[in-house]
Amino acid sequence: GVGWTRPAGGLFVWVRLPEGVDTGRLLDRAVNEANVAFVPGAAFFFDGRGRNTLRLSYSLPTENEIEDGIARLARLI
C-alpha cells in the first residue's frame with residue numbers, strides 16, 4: 001500500500017502512504033521517535049488532498065543514512 005516516485009534527478013522523492021494515514025499528524029512522531037523529518041504532502045495541494053503523502057529529501061544524507069531513515073520511518077508507520 002506504499003508507493004513512491006523514482007526520480008531521474010532533483011532532490012526529493014514523493015511517497016504515497018495508505019489512505020487514512022495523515023502525514024501531518026505523523027510528522028511529530030517521526031521527528032521525536034524515529035529522528036526522521038519530511039514535508040507532509042498536503043502542503044502541496046490546494047483542495048485538502050495529499051494527507052497520505054510526503055516528500056523526502058535525498059540531497060544531504062548518505063545512502064546508508066537513507067536506508068536507515070526509511071527503515072525507522074517504516075517501523076513507525
# chains A, B, ... in the order shown; residues from 1 in each chain; ligands from 1
call {"tool": "select_by_dssp", "arguments": {"residues": "chain A", "states": "strand (DSSP E or B)", "output": "PyMOL selection string"}}
result
chain A and resi 3-4+12-16+39-40+53-57
call {"tool": "write_last_selection", "arguments": {"atoms": "all heavy atoms", "output": "compact mmCIF listing (two decimals), in the first residue's frame"}}
result
# COMPACT_ATOMS: atom_id res chain seq x y z
N GLY A 3 3.67 3.65 -2.12
CA GLY A 3 4.28 3.89 -3.42
C GLY A 3 5.17 5.11 -3.36
O GLY A 3 5.06 5.92 -2.44
N TRP A 4 6.08 5.22 -4.31
CA TRP A 4 6.98 6.36 -4.34
C TRP A 4 7.42 6.59 -5.77
O TRP A 4 7.36 5.71 -6.62
CB TRP A 4 8.19 6.14 -3.44
CG TRP A 4 8.96 4.90 -3.75
CD1 TRP A 4 10.02 4.80 -4.61
CD2 TRP A 4 8.73 3.59 -3.24
NE1 TRP A 4 10.46 3.50 -4.66
CE2 TRP A 4 9.68 2.72 -3.82
CE3 TRP A 4 7.80 3.05 -2.34
CZ2 TRP A 4 9.73 1.37 -3.53
CZ3 TRP A 4 7.85 1.71 -2.06
CH2 TRP A 4 8.81 0.89 -2.65
N PHE A 12 14.28 15.36 -4.31
CA PHE A 12 13.22 14.81 -3.48
C PHE A 12 12.59 13.57 -4.09
O PHE A 12 12.58 13.39 -5.30
CB PHE A 12 12.10 15.86 -3.29
CG PHE A 12 12.59 17.17 -2.79
CD1 PHE A 12 12.75 18.24 -3.65
CD2 PHE A 12 12.90 17.34 -1.45
CE1 PHE A 12 13.22 19.46 -3.19
CE2 PHE A 12 13.37 18.55 -0.98
CZ PHE A 12 13.53 19.61 -1.85
N VAL A 13 12.02 12.76 -3.21
CA VAL A 13 11.20 11.63 -3.62
C VAL A 13 9.83 11.83 -2.99
O VAL A 13 9.71 12.30 -1.86
CB VAL A 13 11.83 10.27 -3.21
CG1 VAL A 13 11.96 10.12 -1.72
CG2 VAL A 13 11.06 9.11 -3.80
N TRP A 14 8.79 11.53 -3.74
CA TRP A 14 7.41 11.70 -3.31
C TRP A 14 6.90 10.33 -2.87
O TRP A 14 7.02 9.35 -3.62
CB TRP A 14 6.59 12.23 -4.48
CG TRP A 14 5.23 12.69 -4.14
CD1 TRP A 14 4.06 12.03 -4.40
CD2 TRP A 14 4.86 13.89 -3.49
NE1 TRP A 14 3.01 12.76 -3.95
CE2 TRP A 14 3.47 13.92 -3.38
CE3 TRP A 14 5.59 14.96 -2.97
CZ2 TRP A 14 2.77 14.96 -2.79
CZ3 TRP A 14 4.90 16.00 -2.38
CH2 TRP A 14 3.52 15.99 -2.30
N VAL A 15 6.32 10.24 -1.67
CA VAL A 15 5.86 8.97 -1.11
C VAL A 15 4.36 9.03 -0.88
O VAL A 15 3.83 10.02 -0.37
CB VAL A 15 6.59 8.66 0.22
CG1 VAL A 15 6.11 7.35 0.81
CG2 VAL A 15 8.10 8.64 0.02
N ARG A 16 3.65 7.96 -1.26
CA ARG A 16 2.22 7.84 -1.02
C ARG A 16 2.00 6.69 -0.05
O ARG A 16 2.36 5.55 -0.33
CB ARG A 16 1.47 7.57 -2.33
CG ARG A 16 -0.04 7.44 -2.14
CD ARG A 16 -0.73 6.97 -3.42
NE ARG A 16 0.06 6.09 -4.28
CZ ARG A 16 0.25 4.79 -4.07
NH1 ARG A 16 -0.26 4.20 -3.01
NH2 ARG A 16 0.96 4.08 -4.91
N VAL A 39 8.40 16.55 4.67
CA VAL A 39 7.39 17.58 4.46
C VAL A 39 6.07 16.87 4.18
O VAL A 39 5.98 16.10 3.22
CB VAL A 39 7.77 18.52 3.30
CG1 VAL A 39 6.68 19.55 3.09
CG2 VAL A 39 9.11 19.19 3.56
N PRO A 40 5.04 17.09 5.00
CA PRO A 40 3.74 16.49 4.73
C PRO A 40 3.21 16.93 3.36
O PRO A 40 3.31 18.10 2.99
CB PRO A 40 2.86 17.01 5.86
CG PRO A 40 3.81 17.32 6.97
CD PRO A 40 5.04 17.83 6.27
N THR A 53 0.39 11.66 1.81
CA THR A 53 1.62 11.74 1.04
C THR A 53 2.67 12.55 1.80
O THR A 53 2.36 13.31 2.70
CB THR A 53 1.37 12.39 -0.34
OG1 THR A 53 0.92 13.73 -0.16
CG2 THR A 53 0.35 11.60 -1.15
N LEU A 54 3.92 12.36 1.39
CA LEU A 54 5.01 13.13 1.99
C LEU A 54 6.15 13.27 1.00
O LEU A 54 6.26 12.51 0.04
CB LEU A 54 5.49 12.48 3.30
CG LEU A 54 5.99 11.04 3.24
CD1 LEU A 54 7.50 10.99 3.06
CD2 LEU A 54 5.61 10.32 4.52
N ARG A 55 6.99 14.26 1.25
CA ARG A 55 8.15 14.50 0.41
C ARG A 55 9.41 14.30 1.25
O ARG A 55 9.55 14.87 2.33
CB ARG A 55 8.11 15.92 -0.15
CG ARG A 55 9.19 16.18 -1.17
CD ARG A 55 9.05 17.56 -1.75
NE ARG A 55 9.66 18.52 -0.82
CZ ARG A 55 9.91 19.78 -1.10
NH1 ARG A 55 9.58 20.26 -2.29
NH2 ARG A 55 10.46 20.58 -0.22
N LEU A 56 10.30 13.46 0.75
CA LEU A 56 11.57 13.18 1.42
C LEU A 56 12.71 13.75 0.58
O LEU A 56 12.71 13.61 -0.64
CB LEU A 56 11.80 11.68 1.57
CG LEU A 56 10.91 10.92 2.53
CD1 LEU A 56 11.11 9.42 2.35
CD2 LEU A 56 11.20 11.34 3.96
N SER A 57 13.67 14.36 1.23
CA SER A 57 14.86 14.86 0.56
C SER A 57 15.95 13.80 0.60
O SER A 57 16.17 13.18 1.63
CB SER A 57 15.36 16.13 1.24
OG SER A 57 16.61 16.51 0.70
call {"tool": "residues_around", "arguments": {"residues": "Ala71 of chain A", "least_positions_apart": "4", "cutoff": "12 Å", "atoms": "only C-alpha atoms", "output": "list in words"}}
result
Ala30, Ala34, Asn35, Val36, Asn64, Glu65, Ile66, Glu67, Arg75, Leu76 and Ile77 of chain A
call {"tool": "write_last_selection", "arguments": {"atoms": "C-alpha atoms", "output": "mmCIF file, in the first residue's frame"}}
result
data_model
loop_
_atom_site.group_PDB
_atom_site.id
_atom_site.type_symbol
_atom_site.label_atom_id
_atom_site.label_comp_id
_atom_site.auth_asym_id
_atom_site.auth_seq_id
_atom_site.Cartn_x
_atom_site.Cartn_y
_atom_site.Cartn_z
ATOM 1 C CA ALA A 30 8.587 10.780 13.086
ATOM 2 C CA ALA A 34 12.365 7.990 14.693
ATOM 3 C CA ASN A 35 14.575 11.052 14.181
ATOM 4 C CA VAL A 36 13.262 11.388 10.616
ATOM 5 C CA ASN A 64 23.315 4.235 4.375
ATOM 6 C CA GLU A 65 21.582 7.076 6.244
ATOM 7 C CA ILE A 66 18.724 6.992 3.733
ATOM 8 C CA GLU A 67 18.278 3.221 4.156
ATOM 9 C CA ARG A 75 8.702 0.808 11.701
ATOM 10 C CA LEU A 76 6.910 3.907 12.980
ATOM 11 C CA ILE A 77 4.164 3.644 10.381
#
call {"tool": "select_by_dssp", "arguments": {"residues": "chain A", "states": "helix (DSSP H, G or I)", "output": "number ranges by chain"}}
result
A: 23-34, 41-44, 63-76
call {"tool": "atom_distance", "arguments": {"atom1": "atom CA of Thr23 of chain A", "atom2": "atom CA of Phe38 of chain A"}}
result
8.9 Å
call {"tool": "atom_distance", "arguments": {"atom1": "atom CA of Asp68 of chain A", "atom2": "atom CA of Ala42 of chain A"}}
result
24.9 Å
call {"tool": "residues_around", "arguments": {"residues": "Glu19 of chain A", "least_positions_apart": "3", "cutoff": "10 Å", "atoms": "only C-alpha atoms", "output": "PyMOL selection string"}}
result
chain A and resi 1-2+16+22+50-53
call {"tool": "atom_distance", "arguments": {"atom1": "atom CA of Gly24 of chain A", "atom2": "atom CA of Ile70 of chain A"}}
result
17.3 Å
call {"tool": "closest_residue", "arguments": {"among": "A:Tyr58, A:Gly69, A:Glu63, A:Asp28", "to": "Gly9 of chain A", "atoms": "only C-alpha atoms"}}
result
A:Tyr58
